[in-house]
file my_file.tsv (TSV, C-alpha atoms and all ligand atoms)
chain	number	residue	atom	x	y	z
R	1	MET	CA	3.03	14.71	2.90
R	2	PRO	CA	2.48	18.30	1.73
R	3	ALA	CA	-1.09	19.57	1.91
R	4	ASP	CA	-1.02	20.33	-1.84
R	5	ALA	CA	-0.06	16.72	-2.64
R	6	LYS	CA	-3.22	16.33	-4.73
R	7	SER	CA	-3.15	19.79	-6.34
R	8	PRO	CA	-4.35	19.90	-9.99
R	9	LYS	CA	-0.74	20.45	-11.08
R	10	LYS	CA	0.53	17.34	-9.27
R	11	LEU	CA	-2.41	15.29	-10.53
R	12	SER	CA	-1.58	16.08	-14.14
R	13	SER	CA	2.23	15.95	-14.07
R	14	ASN	CA	4.08	13.09	-15.71
R	15	ARG	CA	7.09	12.37	-13.50
R	16	ALA	CA	8.56	10.07	-16.14
R	17	ALA	CA	8.83	12.89	-18.71
R	18	LEU	CA	12.28	14.39	-19.30
R	19	THR	CA	10.90	17.95	-19.07
R	20	HIS	CA	9.45	17.16	-15.64
R	21	LYS	CA	12.76	15.69	-14.47
R	22	ILE	CA	14.75	18.71	-15.66
R	23	GLY	CA	12.31	21.16	-14.04
R	24	TYR	CA	12.36	19.16	-10.82
R	25	ALA	CA	16.17	19.09	-10.77
R	26	PHE	CA	16.28	22.90	-11.11
R	27	ARG	CA	13.76	23.34	-8.31
R	28	HIS	CA	15.42	20.78	-5.99
R	29	PRO	CA	19.16	20.63	-6.83
R	30	GLY	CA	19.91	18.85	-3.53
R	31	ARG	CA	17.82	15.86	-4.59
R	32	VAL	CA	19.68	15.15	-7.83
R	33	THR	CA	22.54	13.13	-6.30
R	34	PRO	CA	20.29	10.88	-4.17
R	35	TYR	CA	18.02	10.33	-7.21
R	36	VAL	CA	20.96	9.35	-9.43
R	37	ARG	CA	22.23	6.99	-6.73
R	38	ARG	CA	18.80	5.41	-6.39
R	39	ALA	CA	18.38	5.09	-10.16
R	40	GLY	CA	21.75	3.31	-10.37
R	41	ARG	CA	20.89	0.92	-7.55
R	42	ASP	CA	17.47	0.20	-9.05
R	43	ALA	CA	18.92	-0.46	-12.51
R	44	TRP	CA	21.27	-3.01	-10.96
R	45	LEU	CA	18.45	-4.65	-8.97
R	46	ARG	CA	16.23	-4.84	-12.06
R	47	LEU	CA	19.02	-6.58	-13.92
R	48	LYS	CA	19.35	-9.15	-11.13
R	49	HIS	CA	15.56	-9.57	-10.68
R	50	PRO	CA	13.65	-9.24	-13.96
R	51	ASP	CA	10.29	-10.05	-12.31
R	52	HIS	CA	8.60	-7.22	-10.40
R	53	ILE	CA	8.16	-9.03	-7.07
R	54	GLY	CA	11.80	-10.16	-6.96
R	55	TYR	CA	12.90	-6.64	-7.86
R	56	TYR	CA	10.70	-4.89	-5.30
R	57	ARG	CA	11.68	-7.39	-2.61
R	58	ALA	CA	15.32	-6.47	-3.28
R	59	VAL	CA	14.45	-2.74	-3.08
R	60	MET	CA	12.78	-3.38	0.28
R	61	ALA	CA	15.78	-5.38	1.54
R	62	SER	CA	18.11	-2.51	0.66
R	63	ASP	CA	15.81	0.20	2.11
R	64	THR	CA	14.98	-1.78	5.29
R	65	ARG	CA	18.68	-2.30	6.02
R	66	ARG	CA	19.02	1.45	6.20
R	67	ASP	CA	15.79	2.26	8.10
R	68	PRO	CA	12.54	0.23	8.23
R	69	GLU	CA	10.41	3.31	8.86
R	70	ALA	CA	11.86	5.07	5.83
R	71	ALA	CA	11.45	1.83	3.84
R	72	VAL	CA	7.66	2.05	4.23
R	73	GLY	CA	7.75	5.69	3.15
R	74	SER	CA	8.00	7.71	6.39
R	75	ARG	CA	10.75	10.29	6.63
R	76	SER	CA	10.53	10.55	10.42
R	77	HIS	CA	9.18	8.57	13.36
R	78	ASP	CA	6.49	11.22	13.86
R	79	ARG	CA	5.33	10.74	10.25
R	80	TRP	CA	5.39	6.96	10.72
R	81	LEU	CA	3.10	7.35	13.72
R	82	ALA	CA	0.84	9.86	11.97
R	83	LEU	CA	0.46	7.76	8.79
R	84	GLY	CA	-0.44	4.70	10.83
R	85	ARG	CA	-2.97	6.69	12.83
R	86	MET	CA	-4.55	8.06	9.65
R	87	GLN	CA	-5.12	4.53	8.30
R	88	PHE	CA	-6.44	3.33	11.65
R	89	ASP	CA	-8.79	6.27	12.32
R	90	TYR	CA	-10.27	5.99	8.83
R	91	LEU	CA	-11.14	2.31	9.16
R	92	VAL	CA	-12.50	2.68	12.69
R	93	GLU	CA	-14.68	5.56	11.43
R	94	HIS	CA	-15.82	3.17	8.70
R	95	GLY	CA	-16.90	0.56	11.23
R	96	LEU	CA	-13.86	-1.65	11.98
R	97	ARG	CA	-14.79	-3.52	15.16
R	98	PRO	CA	-12.72	-5.84	17.43
R	99	GLU	CA	-14.55	-8.97	16.28
R	100	HIS	CA	-13.79	-8.27	12.62
R	101	ARG	CA	-11.21	-10.31	10.72
R	102	MET	CA	-8.75	-8.17	8.83
R	103	LEU	CA	-6.22	-8.89	6.08
R	104	ASP	CA	-3.49	-6.24	5.67
R	105	ILE	CA	-1.85	-6.71	2.27
R	106	GLY	CA	1.69	-5.31	2.23
R	107	CYS	CA	1.63	-4.77	5.99
R	108	GLY	CA	5.23	-3.48	6.09
R	109	ASN	CA	6.63	-2.95	9.59
R	110	LEU	CA	3.11	-2.52	11.01
R	111	ARG	CA	2.94	1.27	10.72
R	112	GLY	CA	-0.85	0.93	10.77
R	113	GLY	CA	-0.78	-2.74	11.72
R	114	TRP	CA	0.19	-2.34	15.37
R	115	ARG	CA	-2.87	-0.17	15.94
R	116	PHE	CA	-5.15	-2.64	14.12
R	117	ILE	CA	-3.68	-5.53	16.11
R	118	GLY	CA	-4.30	-3.67	19.39
R	119	HIS	CA	-7.90	-2.91	18.39
R	120	LEU	CA	-8.88	-6.35	17.04
R	121	ASP	CA	-9.58	-9.47	19.07
R	122	ALA	CA	-6.65	-11.90	19.36
R	123	GLY	CA	-5.92	-13.78	16.13
R	124	ASN	CA	-8.06	-11.52	13.94
R	125	TYR	CA	-5.24	-9.64	12.18
R	126	TYR	CA	-3.51	-11.22	9.19
R	127	GLY	CA	-0.58	-9.32	7.65
R	128	ILE	CA	1.13	-10.43	4.46
R	129	ASP	CA	4.12	-8.98	2.66
R	130	ILE	CA	6.60	-9.92	-0.07
R	131	SER	CA	9.59	-8.74	1.97
R	132	PRO	CA	11.13	-11.00	4.64
R	133	ASP	CA	13.22	-8.07	5.85
R	134	ILE	CA	10.22	-5.84	6.56
R	135	LEU	CA	8.41	-8.74	8.25
R	136	ILE	CA	11.35	-9.10	10.65
R	137	ALA	CA	10.96	-5.37	11.37
R	138	ALA	CA	7.21	-6.00	11.82
R	139	LYS	CA	7.93	-8.54	14.54
R	140	GLU	CA	10.15	-5.97	16.27
R	141	THR	CA	7.27	-3.46	16.21
R	142	LEU	CA	4.97	-6.11	17.64
R	143	ALA	CA	7.37	-6.83	20.52
R	144	GLU	CA	8.04	-3.12	21.18
R	145	ARG	CA	4.29	-2.50	21.45
R	146	GLY	CA	3.77	-5.49	23.76
R	147	LEU	CA	1.18	-7.05	21.47
R	148	GLN	CA	2.34	-10.68	21.70
R	149	ASP	CA	-0.94	-11.81	23.30
R	150	LYS	CA	-2.88	-10.69	20.23
R	151	LEU	CA	-1.25	-13.48	18.21
R	152	PRO	CA	-1.41	-11.80	14.80
R	153	HIS	CA	-0.49	-13.78	11.70
R	154	LEU	CA	2.47	-12.36	9.76
R	155	THR	CA	3.15	-14.22	6.55
R	156	ILE	CA	5.47	-13.90	3.60
R	157	THR	CA	3.93	-14.16	0.13
R	158	GLY	CA	5.30	-14.33	-3.38
R	159	ASP	CA	2.10	-13.31	-5.18
R	160	LEU	CA	-1.38	-12.01	-4.55
R	161	THR	CA	-3.43	-15.07	-5.47
R	162	LEU	CA	-4.23	-15.41	-1.72
R	163	ASP	CA	-4.53	-19.15	-2.38
R	164	PHE	CA	-3.51	-20.09	1.20
R	165	LEU	CA	-6.44	-18.21	2.74
R	166	PRO	CA	-10.03	-19.46	3.26
R	167	ASP	CA	-13.18	-18.48	1.34
R	168	ASP	CA	-15.54	-15.74	2.61
R	169	HIS	CA	-13.28	-14.97	5.58
R	170	PHE	CA	-12.22	-11.33	5.94
R	171	ASP	CA	-14.52	-8.45	6.90
R	172	VAL	CA	-11.91	-5.84	6.03
R	173	ILE	CA	-9.02	-6.12	3.61
R	174	HIS	CA	-6.61	-3.25	3.36
R	175	ALA	CA	-3.64	-2.35	1.18
R	176	HIS	CA	-2.07	0.99	2.03
R	177	SER	CA	0.70	2.31	-0.27
R	178	VAL	CA	1.04	-1.08	-1.98
R	179	PHE	CA	-0.58	-0.52	-5.38
R	180	SER	CA	1.38	2.74	-5.58
R	181	HIS	CA	4.38	0.39	-5.99
R	182	SER	CA	2.69	-2.18	-8.22
R	183	PRO	CA	2.47	-2.67	-11.98
R	184	LEU	CA	-1.04	-3.28	-13.30
R	185	HIS	CA	-0.68	-7.07	-13.59
R	186	VAL	CA	-0.02	-7.31	-9.82
R	187	ILE	CA	-3.12	-5.23	-9.03
R	188	ASP	CA	-5.13	-7.29	-11.51
R	189	GLU	CA	-4.01	-10.52	-9.83
R	190	CYS	CA	-5.08	-9.20	-6.44
R	191	LEU	CA	-8.47	-7.98	-7.69
R	192	GLY	CA	-8.99	-11.30	-9.45
R	193	HIS	CA	-8.66	-13.25	-6.19
R	194	VAL	CA	-9.65	-10.91	-3.37
R	195	GLY	CA	-13.40	-11.52	-3.81
R	196	ARG	CA	-13.00	-15.18	-2.82
R	197	VAL	CA	-11.51	-14.40	0.60
R	198	LEU	CA	-13.76	-11.41	1.34
R	199	ALA	CA	-16.81	-12.01	3.52
R	200	PRO	CA	-20.01	-11.37	1.51
R	201	THR	CA	-20.55	-8.04	3.34
R	202	GLY	CA	-16.85	-7.18	3.65
R	203	PHE	CA	-14.81	-4.60	1.74
R	204	PHE	CA	-11.31	-4.12	0.41
R	205	ASP	CA	-9.76	-0.64	0.57
R	206	PHE	CA	-6.62	0.19	-1.34
R	207	THR	CA	-4.73	3.41	-1.92
R	208	PHE	CA	-3.11	4.38	-5.20
R	209	ASP	CA	-1.13	7.24	-6.67
R	210	ARG	CA	-3.67	9.01	-8.81
R	211	THR	CA	-3.00	10.84	-12.03
R	212	GLU	CA	-5.46	12.70	-14.19
R	213	GLY	CA	-2.92	12.78	-17.02
R	214	ALA	CA	-0.98	9.96	-18.67
R	215	GLU	CA	-0.41	6.86	-16.56
R	216	HIS	CA	3.29	6.45	-15.83
R	217	GLN	CA	5.87	4.94	-13.50
R	218	VAL	CA	9.17	6.04	-11.99
R	219	LEU	CA	12.06	3.55	-11.60
R	220	ARG	CA	9.46	0.71	-11.48
R	221	GLU	CA	9.06	1.81	-7.84
R	222	ASP	CA	6.20	4.31	-8.10
R	223	PHE	CA	3.17	3.81	-10.35
R	224	TYR	CA	0.53	6.43	-11.21
R	225	TYR	CA	-2.93	5.34	-12.38
R	226	ARG	CA	-6.13	6.98	-13.48
R	227	THR	CA	-9.10	6.24	-11.22
R	228	GLU	CA	-11.17	4.87	-14.16
R	229	THR	CA	-8.46	2.27	-14.92
R	230	LEU	CA	-8.62	0.75	-11.45
R	231	LEU	CA	-12.40	0.99	-11.14
R	232	ALA	CA	-12.76	-0.82	-14.49
R	233	LEU	CA	-10.24	-3.48	-13.45
R	234	ALA	CA	-12.18	-4.23	-10.26
R	235	ARG	CA	-15.55	-4.23	-12.04
R	236	GLY	CA	-14.10	-6.56	-14.66
R	237	HIS	CA	-13.66	-9.09	-11.84
R	238	GLY	CA	-17.32	-8.74	-10.85
R	239	LEU	CA	-16.61	-6.48	-7.86
R	240	HIS	CA	-18.40	-3.29	-6.88
R	241	ALA	CA	-15.93	-0.42	-6.79
R	242	SER	CA	-16.10	3.20	-5.69
R	243	PHE	CA	-13.75	6.12	-5.24
R	244	MET	CA	-13.60	7.19	-1.58
R	245	GLU	CA	-14.24	10.94	-1.61
R	246	ASP	CA	-13.95	11.27	2.18
R	247	TRP	CA	-10.34	9.98	2.09
R	248	GLU	CA	-9.47	12.94	-0.18
R	249	GLU	CA	-9.97	15.25	2.81
R	250	ARG	CA	-7.07	13.60	4.69
R	251	PRO	CA	-3.58	15.10	4.33
R	252	HIS	CA	-2.28	12.20	2.24
R	253	GLY	CA	-0.88	12.16	-1.27
R	254	GLN	CA	-2.69	9.02	-2.40
R	255	SER	CA	-6.34	8.34	-3.20
R	256	LYS	CA	-8.47	5.41	-2.11
R	257	ILE	CA	-10.83	2.94	-3.79
R	258	ARG	CA	-13.16	0.53	-1.99
R	259	VAL	CA	-14.27	-2.74	-3.57
R	260	SER	CA	-16.78	-5.28	-2.34
R	261	ARG	CA	-18.76	-8.30	-3.47
R	262	SER	CA	-22.12	-6.70	-2.77
R	263	PRO	CA	-23.14	-3.05	-3.10
R	264	LEU	CA	-22.22	-1.08	0.03
R	265	PRO	CA	-24.14	1.83	1.54
R	266	ALA	CA	-22.85	5.24	0.40
R	267	THR	CA	-20.36	6.68	2.92
R	268	ALA	CA	-19.59	10.26	1.89
R	301	LIG	C1	5.08	1.69	1.31
R	301	LIG	S1	5.07	0.18	2.18
R	301	LIG	C2	3.54	0.34	3.10
R	301	LIG	C3	3.47	-0.64	4.25
R	301	LIG	C4	2.17	-0.56	5.08
R	301	LIG	N1	1.02	-0.88	4.28
R	301	LIG	C5	2.07	0.81	5.68
R	301	LIG	O1	1.21	1.60	5.26
R	301	LIG	O2	2.90	1.12	6.52
R	301	LIG	C6	4.63	-1.02	0.94
R	301	LIG	C7	4.71	-2.44	1.47
R	301	LIG	O3	4.08	-3.30	0.53
R	301	LIG	C8	4.88	-4.43	0.32
R	301	LIG	N2	4.54	-4.91	-1.03
R	301	LIG	C9	4.84	-4.36	-2.22
R	301	LIG	N3	4.31	-5.07	-3.22
R	301	LIG	C10	3.64	-6.09	-2.65
R	301	LIG	C11	2.86	-7.18	-3.16
R	301	LIG	N4	2.69	-7.34	-4.47
R	301	LIG	N5	2.32	-8.05	-2.28
R	301	LIG	C12	2.49	-7.88	-0.94
R	301	LIG	N6	3.22	-6.87	-0.40
R	301	LIG	C13	3.78	-5.99	-1.25
R	301	LIG	C14	6.30	-3.92	0.48
R	301	LIG	O4	7.20	-4.95	0.76
R	301	LIG	C15	6.13	-2.95	1.62
R	301	LIG	O5	6.27	-3.55	2.88

call {"tool": "encode", "arguments": {"input": "my_file.tsv", "output": "structure tokens"}}
result
Amino acid sequence: MPADAKSPKKLSSNRAALTHKIGYAFRHPGRVTPYVRRAGRDAWLRLKHPDHIGYYRAVMASDTRRDPEAAVGSRSHDRWLALGRMQFDYLVEHGLRPEHRMLDIGCGNLRGGWRFIGHLDAGNYYGIDISPDILIAAKETLAERGLQDKLPHLTITGDLTLDFLPDDHFDVIHAHSVFSHSPLHVIDECLGHVGRVLAPTGFFDFTFDRTEGAEHQVLREDFYYRTETLLALARGHGLHASFMEDWEERPHGQSKIRVSRSPLPATA
């Protein structure tokens, strides 16, 4: 992720606008053919799967077939390792302890998950994802890392109602690079139900692609939201919500919001 990923220019650009696309094509001619190929594939998948979850599951199936690490957004194994470490270090710095119970929403192939599983006591990691293909890759990561004894839960889901999970259970809930691929109704569903499964003193951190201009999406794969939109959505469900300023210092293109049932001490 380039260090200027959150530059004022990037934060205000509308990637869905034709002028942006033309300018981008001139600046990066080598990326035009892959983009056109991807747009064609996505149009076909949208036709076959009109609902977002079905569509995105099909995108993940196609991407995972090619390369599971690229499917979760890492262009190299080193980046896959670094992105997982960034998630892990942040939560440990924010107090994640072995006895905590953690829910990882959209756990992918355990880019961060394998580190969380290693850190937490056996049975305390719960990963969910909409993609069976990436969960198979997750099990491969688990075996490669020798983490079988930690007995993590890895579960497929079709929505984010979290109805199969118990009340007041998780100390930390985490969704990294998931809402950046989610339309607002999916985020709203999650925020409408996450409070029930959060422990009273727990928190839910999620990243999102932030824009300070018009909210927009690209190929129904990447969604850009204003911070106020997501804070208001969370507060509308009776949750406390704050923008995590200290995450902005990390070399990552997305921003982070923390929500909780009770007010949390200031962290920055
Ligand atoms: C970019 S990957 C990130 C994976 C992991 N969080 C990480 O940081 O490596 C996004 C993951 O979220 C999953 N996903 C997307 N929408 C989801 C949803 N509504 N519910 C659960 N998982 C979802 C995708 O299948 C994919 O595995």

call {"tool": "residues_near_ligand", "arguments": {"input": "my_file.tsv", "ligand": "ligand LIG 301 (chain R)", "cutoff": "8 Å", "atoms": "all atoms listed in the file", "output": "MDAnalysis selection string"}}
result
chainID R and resid 53 56:57 60 71:73 80 83:84 87 104:113 128:131 134:135 157:160 175:182 186:187

call {"tool": "closest_residue", "arguments": {"input": "my_file.tsv", "among": "R:Arg220, R:Ile136, R:Asn124, R:Ile173", "to": "His49 of chain R", "atoms": "all atoms listed in the file"}}
result
R:Arg220

call {"tool": "closest_residue", "arguments": {"input": "my_file.tsv", "among": "R:Met86, R:Leu103, R:Ala234, R:Ala70", "to": "Arg115 of chain R", "atoms": "only C-alpha atoms"}}
result
R:Met86

call {"tool": "residues_near_point", "arguments": {"input": "my_file.tsv", "point": "(-4.5, -4.5, 16.0)", "cutoff": "10 Å", "atoms": "all atoms listed in the file", "output": "short mmCIF file (atom, residue, chain, number, x, y, z; two decimals) with C-alpha atoms, keeping the file's coordinate frame"}}
result
data_model
loop_
_atom_site.label_atom_id
_atom_site.label_comp_id
_atom_site.auth_asym_id
_atom_site.auth_seq_id
_atom_site.Cartn_x
_atom_site.Cartn_y
_atom_site.Cartn_z
CA PHE R 88 -6.44 3.33 11.65
CA PRO R 98 -12.72 -5.84 17.43
CA MET R 102 -8.75 -8.17 8.83
CA LEU R 110 3.11 -2.52 11.01
CA GLY R 112 -0.85 0.93 10.77
CA GLY R 113 -0.78 -2.74 11.72
CA TRP R 114 0.19 -2.34 15.37
CA ARG R 115 -2.87 -0.17 15.94
CA PHE R 116 -5.15 -2.64 14.12
CA ILE R 117 -3.68 -5.53 16.11
CA GLY R 118 -4.30 -3.67 19.39
CA HIS R 119 -7.90 -2.91 18.39
CA LEU R 120 -8.88 -6.35 17.04
CA ASP R 121 -9.58 -9.47 19.07
CA ALA R 122 -6.65 -11.90 19.36
CA GLY R 123 -5.92 -13.78 16.13
CA ASN R 124 -8.06 -11.52 13.94
CA TYR R 125 -5.24 -9.64 12.18
CA TYR R 126 -3.51 -11.22 9.19
CA LEU R 142 4.97 -6.11 17.64
CA LEU R 147 1.18 -7.05 21.47
CA LYS R 150 -2.88 -10.69 20.23
CA LEU R 151 -1.25 -13.48 18.21
CA PRO R 152 -1.41 -11.80 14.80
#

call {"tool": "residues_around", "arguments": {"input": "my_file.tsv", "residues": "Gly238 of chain R", "least_positions_apart": "5", "cutoff": "9 Å", "atoms": "all atoms listed in the file", "output": "list in words"}}
result
Gly192, Gly195 and Arg261 of chain R

call {"tool": "write_last_selection", "arguments": {"input": "my_file.tsv", "atoms": "C-alpha atoms", "output": "PDB file, in the frame of the given file"}}
result
ATOM      1  CA  GLY R 192      -8.990 -11.300  -9.450  1.00  0.00           C
ATOM      2  CA  GLY R 195     -13.400 -11.520  -3.810  1.00  0.00           C
ATOM      3  CA  ARG R 261     -18.760  -8.300  -3.470  1.00  0.00           C
TER       4      ARG R 261
END

call {"tool": "residues_near_point", "arguments": {"input": "my_file.tsv", "point": "(-5.1, 5.1, -0.3)", "cutoff": "8 Å", "atoms": "all atoms listed in the file", "output": "list in words"}}
result
Ala175, His176, Ser177, Asp205, Phe206, Thr207, Phe208, Asp209, Trp247, Gln254, Ser255, Lys256 and Ile257 of chain R

call {"tool": "residues_around", "arguments": {"input": "my_file.tsv", "residues": "Ser262 of chain R", "least_positions_apart": "2", "cutoff": "9 Å", "atoms": "only C-alpha atoms", "output": "MDAnalysis selection string"}}
result
chainID R and resid 200:203 239:240 259:260 264

call {"tool": "closest_residue", "arguments": {"input": "my_file.tsv", "among": "R:Ala138, R:Leu91, R:Ala43, R:Ile156", "to": "Asp171 of chain R", "atoms": "all atoms listed in the file"}}
result
R:Leu91

call {"tool": "closest_residue", "arguments": {"input": "my_file.tsv", "among": "R:Arg226, R:His237, R:Arg101, R:Arg75", "to": "His174 of chain R", "atoms": "only C-alpha atoms"}}
result
R:Arg101

call {"tool": "atom_distance", "arguments": {"input": "my_file.tsv", "atom1": "atom CA of Gly54 of chain R", "atom2": "atom CA of Thr141 of chain R"}}
result
24.5 Å

call {"tool": "closest_residue", "arguments": {"input": "my_file.tsv", "among": "R:Arg145, R:Leu184, R:Arg196, R:Lys21", "to": "Asp163 of chain R", "atoms": "only C-alpha atoms"}}
result
R:Arg196

call {"tool": "residues_around", "arguments": {"input": "my_file.tsv", "residues": "Gln217 of chain R", "least_positions_apart": "5", "cutoff": "10 Å", "atoms": "all atoms listed in the file", "output": "list of chain:residue names"}}
result
R:Asn14, R:Arg15, R:Ala16, R:Ala17, R:Ser180, R:His181, R:Ser182, R:Pro183, R:Asp222, R:Phe223, R:Tyr224, R:Tyr225

call {"tool": "atom_distance", "arguments": {"input": "my_file.tsv", "atom1": "atom CA of Asp188 of chain R", "atom2": "atom CA of Arg258 of chain R"}}
result
14.7 Å

call {"tool": "decode", "arguments": {"input": "my_file.tsv", "residues": "segment 206-222 of chain R", "atoms": "N, CA and C atoms", "output": "compact mmCIF listing (two decimals), in the first residue's frame"}}
result
# COMPACT_ATOMS: atom_id res chain seq x y z
N PHE R 206 -13.61 -2.11 12.75
CA PHE R 206 -13.70 -2.45 11.32
C PHE R 206 -12.98 -1.38 10.49
N THR R 207 -12.39 -1.82 9.40
CA THR R 207 -11.76 -0.88 8.47
C THR R 207 -12.74 -0.56 7.35
N PHE R 208 -12.50 0.57 6.71
CA PHE R 208 -13.33 0.97 5.57
C PHE R 208 -12.52 1.86 4.65
N ASP R 209 -12.92 1.89 3.39
CA ASP R 209 -12.28 2.79 2.44
C ASP R 209 -12.95 4.15 2.59
N ARG R 210 -12.16 5.11 3.02
CA ARG R 210 -12.72 6.41 3.38
C ARG R 210 -12.65 7.37 2.20
N THR R 211 -13.74 8.11 2.02
CA THR R 211 -13.70 9.22 1.07
C THR R 211 -14.15 10.48 1.81
N GLU R 212 -13.60 11.59 1.38
CA GLU R 212 -14.10 12.87 1.92
C GLU R 212 -14.91 13.57 0.84
N GLY R 213 -15.09 12.90 -0.29
CA GLY R 213 -15.91 13.44 -1.37
C GLY R 213 -17.23 12.67 -1.44
N ALA R 214 -17.68 12.41 -2.67
CA ALA R 214 -18.95 11.69 -2.85
C ALA R 214 -18.73 10.20 -2.57
N GLU R 215 -19.67 9.59 -1.89
CA GLU R 215 -19.57 8.14 -1.66
C GLU R 215 -19.79 7.44 -3.01
N HIS R 216 -19.03 6.37 -3.24
CA HIS R 216 -19.12 5.70 -4.54
C HIS R 216 -18.64 4.27 -4.42
N GLN R 217 -18.84 3.52 -5.51
CA GLN R 217 -18.36 2.13 -5.53
C GLN R 217 -17.79 1.83 -6.90
N VAL R 218 -16.93 0.82 -6.96
CA VAL R 218 -16.33 0.41 -8.23
C VAL R 218 -16.60 -1.08 -8.44
N LEU R 219 -17.31 -1.41 -9.50
CA LEU R 219 -17.62 -2.79 -9.89
C LEU R 219 -18.37 -3.56 -8.80
N ARG R 220 -19.02 -2.88 -7.89
CA ARG R 220 -19.67 -3.51 -6.71
C ARG R 220 -18.66 -4.34 -5.92
N GLU R 221 -17.38 -4.08 -6.11
CA GLU R 221 -16.32 -4.78 -5.37
C GLU R 221 -15.71 -3.89 -4.30
N ASP R 222 -15.58 -2.60 -4.61
CA ASP R 222 -14.92 -1.67 -3.68
C ASP R 222 -15.86 -0.51 -3.39
